[in-house]
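Source file: model.txt; contents: compact mmCIF, C-alpha atoms.
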```txt
# COMPACT_ATOMS: atom_id res chain seq x y z
CA ASP P 1 0.97 -19.13 -32.02
CA ALA P 2 -0.95 -15.90 -32.58
CA GLY P 3 -3.25 -14.80 -29.83
CA VAL P 4 -6.51 -12.92 -30.13
CA ILE P 5 -5.99 -9.97 -32.45
CA GLN P 6 -7.99 -6.78 -32.10
CA SER P 7 -8.01 -3.73 -34.30
CA PRO P 8 -7.69 -0.85 -34.08
CA ARG P 9 -5.74 -0.52 -30.81
CA HIS P 10 -6.90 3.06 -30.39
CA GLU P 11 -9.81 4.96 -31.92
CA VAL P 12 -10.76 8.58 -31.41
CA THR P 13 -13.86 9.86 -33.12
CA GLU P 14 -16.61 12.44 -32.75
CA MET P 15 -19.99 11.63 -31.30
CA GLY P 16 -22.54 10.52 -33.84
CA GLN P 17 -19.99 8.67 -35.95
CA GLU P 18 -20.15 4.95 -36.58
CA VAL P 19 -17.44 2.90 -34.89
CA THR P 20 -16.44 -0.63 -35.88
CA LEU P 21 -14.18 -2.75 -33.72
CA ARG P 22 -12.67 -5.94 -35.10
CA CYS P 23 -11.52 -9.21 -33.61
CA LYS P 24 -9.76 -12.30 -34.88
CA PRO P 25 -10.01 -15.17 -32.39
CA ILE P 26 -7.47 -17.92 -31.87
CA SER P 27 -7.74 -20.51 -34.60
CA GLY P 28 -9.77 -23.52 -33.42
CA HIS P 29 -11.57 -21.67 -30.65
CA ASN P 30 -15.33 -21.93 -30.98
CA SER P 31 -16.48 -19.27 -28.52
CA LEU P 32 -15.95 -15.53 -28.81
CA PHE P 33 -16.70 -12.83 -26.25
CA TRP P 34 -16.92 -9.04 -26.33
CA TYR P 35 -16.29 -7.07 -23.12
CA ARG P 36 -16.26 -3.42 -22.13
CA GLN P 37 -14.06 -2.10 -19.32
CA THR P 38 -14.42 1.26 -17.60
CA MET P 39 -13.29 2.63 -14.28
CA MET P 40 -16.87 3.13 -13.14
CA ARG P 41 -18.39 -0.21 -14.14
CA GLY P 42 -15.36 -2.50 -14.31
CA LEU P 43 -15.41 -5.38 -16.80
CA GLU P 44 -18.77 -6.10 -18.44
CA LEU P 45 -19.61 -9.00 -20.76
CA LEU P 46 -21.53 -7.56 -23.70
CA ILE P 47 -22.21 -10.59 -25.89
CA TYR P 48 -20.80 -14.00 -26.66
CA PHE P 49 -20.94 -16.35 -29.62
CA ASN P 50 -20.59 -20.09 -29.92
CA ASN P 51 -19.89 -21.56 -33.35
CA ASN P 52 -20.60 -18.10 -34.84
CA VAL P 53 -24.10 -17.95 -33.30
CA PRO P 54 -24.93 -15.32 -30.66
CA ILE P 55 -25.78 -17.09 -27.42
CA ASP P 56 -26.33 -14.26 -24.97
CA ASP P 57 -26.52 -10.57 -25.84
CA SER P 58 -28.14 -9.44 -22.61
CA GLY P 59 -25.11 -7.32 -21.78
CA MET P 60 -25.39 -5.17 -24.90
CA PRO P 61 -26.23 -1.73 -23.50
CA GLU P 62 -28.71 -0.58 -26.13
CA ASP P 63 -29.75 -0.81 -29.76
CA ARG P 64 -26.87 1.38 -30.84
CA PHE P 65 -24.61 -1.61 -30.23
CA SER P 66 -24.52 -4.60 -32.57
CA ALA P 67 -22.15 -7.53 -33.01
CA LYS P 68 -21.67 -10.02 -35.80
CA MET P 69 -19.60 -13.10 -36.39
CA PRO P 70 -19.79 -13.94 -40.10
CA ASN P 71 -17.26 -16.77 -39.83
CA ALA P 72 -15.11 -18.58 -37.31
CA SER P 73 -12.16 -16.24 -37.74
CA PHE P 74 -13.72 -12.79 -37.56
CA SER P 75 -16.12 -10.73 -35.47
CA THR P 76 -17.14 -7.08 -35.33
CA LEU P 77 -18.67 -4.87 -32.67
CA LYS P 78 -20.37 -1.81 -34.09
CA ILE P 79 -21.65 1.32 -32.36
CA GLN P 80 -23.93 3.58 -34.38
CA PRO P 81 -24.33 6.38 -33.50
CA SER P 82 -21.53 6.67 -30.95
CA GLU P 83 -21.84 8.77 -27.79
CA PRO P 84 -19.22 10.08 -25.32
CA ARG P 85 -20.43 7.61 -22.66
CA ASP P 86 -19.34 4.76 -24.95
CA SER P 87 -15.72 5.70 -24.28
CA ALA P 88 -14.06 2.63 -22.78
CA VAL P 89 -11.63 -0.18 -23.53
CA TYR P 90 -13.30 -2.97 -25.48
CA PHE P 91 -11.85 -6.45 -25.23
CA CYS P 92 -12.41 -9.51 -27.34
CA ALA P 93 -11.69 -12.99 -25.96
CA SER P 94 -11.96 -16.51 -27.28
CA SER P 95 -12.07 -19.99 -25.78
CA ALA P 96 -12.35 -23.63 -26.77
CA ALA P 97 -15.48 -24.72 -24.93
CA ALA P 98 -17.82 -27.53 -25.89
CA GLY P 99 -21.38 -26.35 -26.26
CA GLY P 100 -20.45 -22.77 -25.52
CA ASN P 101 -19.91 -23.51 -21.83
CA LEU P 102 -18.55 -20.67 -19.76
CA ASN P 103 -16.41 -22.88 -17.55
CA GLN P 104 -13.29 -22.82 -19.72
CA PRO P 105 -10.43 -20.31 -19.66
CA GLN P 106 -10.49 -17.43 -22.09
CA HIS P 107 -7.71 -15.80 -24.07
CA PHE P 108 -7.98 -12.03 -24.29
CA GLY P 109 -6.80 -9.59 -26.91
CA ASP P 110 -5.07 -6.38 -25.87
CA GLY P 111 -8.21 -4.33 -26.40
CA THR P 112 -9.34 -1.29 -28.34
CA ARG P 113 -9.21 1.99 -26.44
CA LEU P 114 -12.18 4.01 -27.73
CA SER P 115 -12.61 7.71 -27.11
CA ILE P 116 -15.75 9.48 -28.29
CA LEU P 117 -15.42 13.26 -28.27
CA ALA T 1 -27.26 -17.71 -8.87
CA GLN T 2 -23.53 -17.37 -8.37
CA SER T 3 -21.28 -14.63 -7.09
CA VAL T 4 -17.63 -13.77 -6.57
CA THR T 5 -16.26 -11.41 -3.93
CA GLN T 6 -12.71 -10.14 -3.96
CA LEU T 7 -12.24 -9.00 -0.42
CA ASP T 8 -9.59 -6.33 -1.05
CA SER T 9 -9.71 -3.70 -3.76
CA HIS T 10 -6.06 -2.76 -3.11
CA VAL T 11 -3.15 -4.72 -1.66
CA SER T 12 0.38 -3.37 -1.11
CA VAL T 13 3.37 -5.57 -0.37
CA SER T 14 7.10 -5.07 -0.33
CA GLU T 15 9.24 -6.77 -2.93
CA GLY T 16 10.32 -10.20 -1.69
CA THR T 17 7.41 -10.61 0.76
CA PRO T 18 4.44 -12.96 0.33
CA VAL T 19 1.34 -12.05 -1.65
CA LEU T 20 -2.20 -12.99 -0.62
CA LEU T 21 -5.19 -11.95 -2.74
CA ARG T 22 -8.50 -13.14 -1.34
CA CYS T 23 -11.50 -14.46 -3.25
CA ASN T 24 -14.74 -15.96 -1.95
CA TYR T 25 -17.36 -17.48 -4.17
CA SER T 26 -20.94 -18.70 -4.06
CA SER T 27 -22.25 -21.33 -6.45
CA SER T 28 -24.95 -23.97 -6.54
CA TYR T 29 -22.82 -26.20 -8.75
CA SER T 30 -19.29 -27.49 -8.80
CA PRO T 31 -17.49 -24.35 -9.83
CA SER T 32 -14.72 -23.65 -12.29
CA LEU T 33 -12.57 -20.90 -10.85
CA PHE T 34 -9.91 -18.80 -12.50
CA TRP T 35 -7.44 -16.11 -11.61
CA TYR T 36 -6.49 -13.62 -14.32
CA VAL T 37 -3.92 -10.82 -14.25
CA GLN T 38 -4.18 -7.56 -16.17
CA HIS T 39 -1.14 -5.36 -16.71
CA PRO T 40 -1.63 -1.75 -17.85
CA ASN T 41 -2.88 -1.42 -21.43
CA LYS T 42 -3.11 -5.17 -21.79
CA GLY T 43 -5.86 -7.78 -21.87
CA LEU T 44 -6.45 -10.28 -19.11
CA GLN T 45 -4.03 -13.17 -18.93
CA LEU T 46 -4.86 -16.51 -17.33
CA LEU T 47 -2.77 -17.24 -14.23
CA LEU T 48 -4.37 -20.50 -13.18
CA LYS T 49 -7.60 -22.47 -13.17
CA TYR T 50 -9.43 -24.89 -10.90
CA THR T 51 -11.76 -27.39 -12.53
CA SER T 52 -12.42 -30.02 -9.82
CA ALA T 53 -9.09 -31.78 -9.98
CA ALA T 54 -6.38 -31.08 -7.38
CA THR T 55 -7.42 -28.47 -4.83
CA LEU T 56 -3.99 -26.81 -4.87
CA VAL T 57 -3.49 -25.29 -8.26
CA LYS T 58 -0.16 -24.03 -9.53
CA GLY T 59 -0.06 -21.33 -12.13
CA ILE T 60 2.40 -19.22 -14.03
CA ASN T 61 4.98 -16.87 -12.54
CA GLY T 62 5.08 -18.69 -9.19
CA PHE T 63 1.44 -18.10 -8.28
CA GLU T 64 -0.79 -20.75 -6.77
CA ALA T 65 -4.30 -20.95 -5.35
CA GLU T 66 -6.06 -23.36 -3.05
CA PHE T 67 -9.68 -24.32 -3.51
CA LYS T 68 -11.38 -24.69 -0.10
CA LYS T 69 -14.95 -25.86 -0.46
CA SER T 70 -15.70 -25.62 3.26
CA GLU T 71 -14.69 -21.97 3.25
CA THR T 72 -15.95 -21.24 -0.30
CA SER T 73 -12.62 -19.58 -0.97
CA PHE T 74 -10.03 -19.56 -3.74
CA HIS T 75 -7.25 -17.30 -2.51
CA LEU T 76 -4.24 -16.50 -4.70
CA THR T 77 -0.77 -16.62 -3.17
CA LYS T 78 2.87 -16.16 -4.11
CA PRO T 79 5.78 -16.70 -1.71
CA SER T 80 7.83 -13.73 -2.84
CA ALA T 81 6.55 -10.69 -4.71
CA HIS T 82 8.42 -9.24 -7.65
CA MET T 83 8.10 -5.72 -9.02
CA SER T 84 6.69 -7.17 -12.23
CA ASP T 85 3.74 -8.61 -10.28
CA ALA T 86 2.24 -5.14 -9.89
CA ALA T 87 -1.04 -5.35 -11.78
CA GLU T 88 -4.77 -5.90 -11.32
CA TYR T 89 -5.98 -9.41 -10.51
CA PHE T 90 -9.41 -10.83 -11.20
CA CYS T 91 -11.06 -13.88 -9.67
CA VAL T 92 -13.60 -15.42 -12.05
CA LEU T 93 -16.28 -18.07 -11.55
CA GLY T 94 -17.57 -20.02 -14.53
CA SER T 95 -20.37 -22.50 -14.96
CA ALA T 96 -22.13 -23.91 -17.99
CA ARG T 97 -24.17 -20.78 -18.68
CA GLN T 98 -22.89 -18.07 -16.36
CA LEU T 99 -19.64 -16.20 -16.00
CA THR T 100 -19.00 -13.95 -13.03
CA PHE T 101 -16.03 -11.63 -12.58
CA GLY T 102 -14.81 -10.29 -9.29
CA SER T 103 -14.33 -6.55 -9.01
CA GLY T 104 -10.56 -6.86 -9.10
CA THR T 105 -7.67 -6.35 -6.69
CA GLN T 106 -4.94 -3.84 -7.53
CA LEU T 107 -1.59 -5.17 -6.33
CA THR T 108 1.16 -2.66 -5.62
CA VAL T 109 4.70 -3.91 -5.03
CA LEU T 110 6.94 -1.53 -3.11
CA PRO T 111 10.72 -1.54 -3.60
```

Spell out the structure here as structure tokens.
Amino acid sequence: DAGVIQSPRHEVTEMGQEVTLRCKPISGHNSLFWYRQTMMRGLELLIYFNNNVPIDDSGMPEDRFSAKMPNASFSTLKIQPSEPRDSAVYFCASSAAAGGNLNQPQHFGDGTRLSIL
Amino acid sequence: AQSVTQLDSHVSVSEGTPVLLRCNYSSSYSPSLFWYVQHPNKGLQLLLKYTSAATLVKGINGFEAEFKKSETSFHLTKPSAHMSDAAEYFCVLGSARQLTFGSGTQLTVLP
């Protein structure tokens, strides 16, 4: 059974460039989460979707960040324009939770390590 | 409001000795509590979960945790540490509309 799949695993780009991170959740899961992890701030929840609809985007740092979920099997997190302080590991996770509840376990991908020069 | 406190940022044990990673929580509702493990360059992996059934929860890789409502604790234990247990561990509290992560405990296992 395939887990959560993220791509790319590593991305290095220059500041000002657009960055798109991709995630394929586990089939049948109806909630999808995007996280950012850094040494300074730890693990931060950026946004989560339930049944492809954004439920809470209060963790999105600023307007340069946007996330979409066009269908149940795909989501993107986009940064435009990117800045060096966006360098972090970005994780996608999915869960099977009725009503988008946050009281169910999540399955994490292996993350995208993003470096903005 | 809810909160999670992992009482130790770093724990070191010798291989073959017991592991204790401490987690206290605060919640106005019946909580769902989780322990996750993160190995280097990997995502978080679920070790175990408590969702108001048995208070002693057994997880993968020999780990278990006991939910103690009177102490508002959910400590993670393992009788005998293995080198492969070296990783970061997160205690997580979930409710219907809020998810709270602890700050993590880095476990080092000495040979």

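In terms of minimum interatomic distance to chain P, T:Asn41 ranks closest within T:Ser9, T:Thr105, T:Ser27, T:Asn41, counting only C-alpha atoms.
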
Inset, instruction - Enumerate as a VMD selection string the residues belonging to chain P that approach chain T to within 8 Å, with only C-alpha atoms taken into account. - result: chain P and resid 42 to 43 91 100 to 111

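Interatomic distance, CA of Ser30 (chain T) to CA of Asn51 (chain P): 25.3 Å.
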
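The residue that comes closest to Phe67 (chain T), out of T:Cys91, T:Ala1, T:Thr55, T:Ser12 and on the basis of only C-alpha atoms, is T:Thr55.
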
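Take CA of Ile5 (chain P) and CA of Pro81 (chain P): the distance between them is 24.6 Å.
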
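We find CA of Lys68 (chain P) and CA of Val53 (chain P) to be spaced 8.7 Å apart.
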
Inset, instruction - Considering all atoms listed in the file, return as a PyMOL selection string whatever protein or nucleic-acid residues lie within 8 Å of region 78-89 of chain T, sequence-local ones (same chain, fewer than 5 positions apart) excluded. - result: chain T and resi 13-20+35-40+62-64+104-111

Inset, instruction - Please write as a PyMOL selection string the list of polymer residues whose atoms come within 9 Å of (-11.4, 3.4, -29.4), counting only C-alpha atoms and keeping to the coordinates of the file. - result: chain P and resi 8-13+19+21+87-90+111-116

Those same residues, written as an mmCIF file, in the frame of the given file with C-alpha atoms?
```cif
data_model
loop_
_atom_site.group_PDB
_atom_site.id
_atom_site.type_symbol
_atom_site.label_atom_id
_atom_site.label_comp_id
_atom_site.auth_asym_id
_atom_site.auth_seq_id
_atom_site.Cartn_x
_atom_site.Cartn_y
_atom_site.Cartn_z
ATOM 1 C CA PRO P 8 -7.690 -0.850 -34.080
ATOM 2 C CA ARG P 9 -5.740 -0.520 -30.810
ATOM 3 C CA HIS P 10 -6.900 3.060 -30.390
ATOM 4 C CA GLU P 11 -9.810 4.960 -31.920
ATOM 5 C CA VAL P 12 -10.760 8.580 -31.410
ATOM 6 C CA THR P 13 -13.860 9.860 -33.120
ATOM 7 C CA VAL P 19 -17.440 2.900 -34.890
ATOM 8 C CA LEU P 21 -14.180 -2.750 -33.720
ATOM 9 C CA SER P 87 -15.720 5.700 -24.280
ATOM 10 C CA ALA P 88 -14.060 2.630 -22.780
ATOM 11 C CA VAL P 89 -11.630 -0.180 -23.530
ATOM 12 C CA TYR P 90 -13.300 -2.970 -25.480
ATOM 13 C CA GLY P 111 -8.210 -4.330 -26.400
ATOM 14 C CA THR P 112 -9.340 -1.290 -28.340
ATOM 15 C CA ARG P 113 -9.210 1.990 -26.440
ATOM 16 C CA LEU P 114 -12.180 4.010 -27.730
ATOM 17 C CA SER P 115 -12.610 7.710 -27.110
ATOM 18 C CA ILE P 116 -15.750 9.480 -28.290
#
```

Inset, instruction - With only C-alpha atoms counted, which protein, DNA or RNA residues have an atom no more than 12 Å from (-19.2, -11.8, -0.5) in the file frame? Please answer as a ChimeraX atom specification. - result: /T:2-8,22-27,71-73,102-103

Got a minute to add N, CA and C atoms to region 55-84 of chain T and dump it as a PDB file, in the frame of the given file?
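So out.pdb came out as:
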```pdb
ATOM      1  N   THR T  55      -6.946 -29.700  -5.469  1.00  0.00           N
ATOM      2  CA  THR T  55      -7.420 -28.470  -4.830  1.00  0.00           C
ATOM      3  C   THR T  55      -6.342 -27.401  -4.760  1.00  0.00           C
ATOM      4  N   LEU T  56      -5.081 -27.787  -4.809  1.00  0.00           N
ATOM      5  CA  LEU T  56      -3.990 -26.810  -4.870  1.00  0.00           C
ATOM      6  C   LEU T  56      -3.566 -26.698  -6.319  1.00  0.00           C
ATOM      7  N   VAL T  57      -3.740 -25.516  -6.850  1.00  0.00           N
ATOM      8  CA  VAL T  57      -3.490 -25.290  -8.260  1.00  0.00           C
ATOM      9  C   VAL T  57      -2.267 -24.408  -8.434  1.00  0.00           C
ATOM     10  N   LYS T  58      -1.347 -24.850  -9.241  1.00  0.00           N
ATOM     11  CA  LYS T  58      -0.160 -24.030  -9.530  1.00  0.00           C
ATOM     12  C   LYS T  58      -0.336 -23.349 -10.875  1.00  0.00           C
ATOM     13  N   GLY T  59       0.067 -22.090 -10.902  1.00  0.00           N
ATOM     14  CA  GLY T  59      -0.060 -21.330 -12.130  1.00  0.00           C
ATOM     15  C   GLY T  59       1.265 -20.806 -12.623  1.00  0.00           C
ATOM     16  N   ILE T  60       1.173 -19.805 -13.466  1.00  0.00           N
ATOM     17  CA  ILE T  60       2.400 -19.220 -14.030  1.00  0.00           C
ATOM     18  C   ILE T  60       2.999 -18.214 -13.065  1.00  0.00           C
ATOM     19  N   ASN T  61       4.269 -17.911 -13.283  1.00  0.00           N
ATOM     20  CA  ASN T  61       4.980 -16.870 -12.540  1.00  0.00           C
ATOM     21  C   ASN T  61       5.007 -17.106 -11.022  1.00  0.00           C
ATOM     22  N   GLY T  62       4.946 -18.364 -10.605  1.00  0.00           N
ATOM     23  CA  GLY T  62       5.080 -18.690  -9.190  1.00  0.00           C
ATOM     24  C   GLY T  62       3.818 -18.545  -8.368  1.00  0.00           C
ATOM     25  N   PHE T  63       2.707 -18.230  -8.992  1.00  0.00           N
ATOM     26  CA  PHE T  63       1.440 -18.100  -8.280  1.00  0.00           C
ATOM     27  C   PHE T  63       0.784 -19.460  -8.075  1.00  0.00           C
ATOM     28  N   GLU T  64       0.036 -19.570  -6.989  1.00  0.00           N
ATOM     29  CA  GLU T  64      -0.790 -20.750  -6.770  1.00  0.00           C
ATOM     30  C   GLU T  64      -2.037 -20.351  -6.001  1.00  0.00           C
ATOM     31  N   ALA T  65      -3.041 -21.220  -6.048  1.00  0.00           N
ATOM     32  CA  ALA T  65      -4.300 -20.950  -5.350  1.00  0.00           C
ATOM     33  C   ALA T  65      -4.829 -22.262  -4.806  1.00  0.00           C
ATOM     34  N   GLU T  66      -5.498 -22.177  -3.676  1.00  0.00           N
ATOM     35  CA  GLU T  66      -6.060 -23.360  -3.050  1.00  0.00           C
ATOM     36  C   GLU T  66      -7.574 -23.253  -2.993  1.00  0.00           C
ATOM     37  N   PHE T  67      -8.233 -24.254  -3.539  1.00  0.00           N
ATOM     38  CA  PHE T  67      -9.680 -24.320  -3.510  1.00  0.00           C
ATOM     39  C   PHE T  67     -10.102 -24.937  -2.177  1.00  0.00           C
ATOM     40  N   LYS T  68     -10.881 -24.186  -1.387  1.00  0.00           N
ATOM     41  CA  LYS T  68     -11.380 -24.690  -0.100  1.00  0.00           C
ATOM     42  C   LYS T  68     -12.899 -24.642  -0.125  1.00  0.00           C
ATOM     43  N   LYS T  69     -13.490 -25.799  -0.342  1.00  0.00           N
ATOM     44  CA  LYS T  69     -14.950 -25.860  -0.460  1.00  0.00           C
ATOM     45  C   LYS T  69     -15.636 -25.473   0.843  1.00  0.00           C
ATOM     46  N   SER T  70     -15.070 -25.900   1.964  1.00  0.00           N
ATOM     47  CA  SER T  70     -15.700 -25.620   3.260  1.00  0.00           C
ATOM     48  C   SER T  70     -15.727 -24.128   3.563  1.00  0.00           C
ATOM     49  N   GLU T  71     -14.762 -23.413   3.028  1.00  0.00           N
ATOM     50  CA  GLU T  71     -14.690 -21.970   3.250  1.00  0.00           C
ATOM     51  C   GLU T  71     -15.170 -21.169   2.040  1.00  0.00           C
ATOM     52  N   THR T  72     -15.562 -21.849   0.991  1.00  0.00           N
ATOM     53  CA  THR T  72     -15.950 -21.240  -0.300  1.00  0.00           C
ATOM     54  C   THR T  72     -14.950 -20.159  -0.700  1.00  0.00           C
ATOM     55  N   SER T  73     -13.675 -20.549  -0.650  1.00  0.00           N
ATOM     56  CA  SER T  73     -12.620 -19.580  -0.970  1.00  0.00           C
ATOM     57  C   SER T  73     -11.685 -20.134  -2.045  1.00  0.00           C
ATOM     58  N   PHE T  74     -11.024 -19.212  -2.706  1.00  0.00           N
ATOM     59  CA  PHE T  74     -10.030 -19.560  -3.740  1.00  0.00           C
ATOM     60  C   PHE T  74      -8.992 -18.453  -3.740  1.00  0.00           C
ATOM     61  N   HIS T  75      -8.218 -18.380  -2.673  1.00  0.00           N
ATOM     62  CA  HIS T  75      -7.250 -17.300  -2.510  1.00  0.00           C
ATOM     63  C   HIS T  75      -5.997 -17.533  -3.349  1.00  0.00           C
ATOM     64  N   LEU T  76      -5.442 -16.460  -3.855  1.00  0.00           N
ATOM     65  CA  LEU T  76      -4.240 -16.500  -4.700  1.00  0.00           C
ATOM     66  C   LEU T  76      -3.026 -16.123  -3.849  1.00  0.00           C
ATOM     67  N   THR T  77      -1.967 -16.897  -3.963  1.00  0.00           N
ATOM     68  CA  THR T  77      -0.770 -16.620  -3.170  1.00  0.00           C
ATOM     69  C   THR T  77       0.481 -16.718  -4.024  1.00  0.00           C
ATOM     70  N   LYS T  78       1.535 -16.058  -3.524  1.00  0.00           N
ATOM     71  CA  LYS T  78       2.870 -16.160  -4.110  1.00  0.00           C
ATOM     72  C   LYS T  78       3.862 -15.947  -2.986  1.00  0.00           C
ATOM     73  N   PRO T  79       4.873 -16.790  -2.869  1.00  0.00           N
ATOM     74  CA  PRO T  79       5.780 -16.700  -1.710  1.00  0.00           C
ATOM     75  C   PRO T  79       6.580 -15.412  -1.659  1.00  0.00           C
ATOM     76  N   SER T  80       6.941 -14.881  -2.824  1.00  0.00           N
ATOM     77  CA  SER T  80       7.830 -13.730  -2.840  1.00  0.00           C
ATOM     78  C   SER T  80       7.453 -12.814  -3.999  1.00  0.00           C
ATOM     79  N   ALA T  81       7.006 -11.618  -3.676  1.00  0.00           N
ATOM     80  CA  ALA T  81       6.550 -10.690  -4.710  1.00  0.00           C
ATOM     81  C   ALA T  81       7.710 -10.093  -5.487  1.00  0.00           C
ATOM     82  N   HIS T  82       7.455  -9.887  -6.766  1.00  0.00           N
ATOM     83  CA  HIS T  82       8.420  -9.240  -7.650  1.00  0.00           C
ATOM     84  C   HIS T  82       7.792  -7.964  -8.174  1.00  0.00           C
ATOM     85  N   MET T  83       8.625  -7.002  -8.515  1.00  0.00           N
ATOM     86  CA  MET T  83       8.100  -5.720  -9.020  1.00  0.00           C
ATOM     87  C   MET T  83       7.176  -5.940 -10.215  1.00  0.00           C
ATOM     88  N   SER T  84       7.494  -6.920 -11.030  1.00  0.00           N
ATOM     89  CA  SER T  84       6.690  -7.170 -12.230  1.00  0.00           C
ATOM     90  C   SER T  84       5.304  -7.747 -11.915  1.00  0.00           C
TER      91      SER T  84
END
```
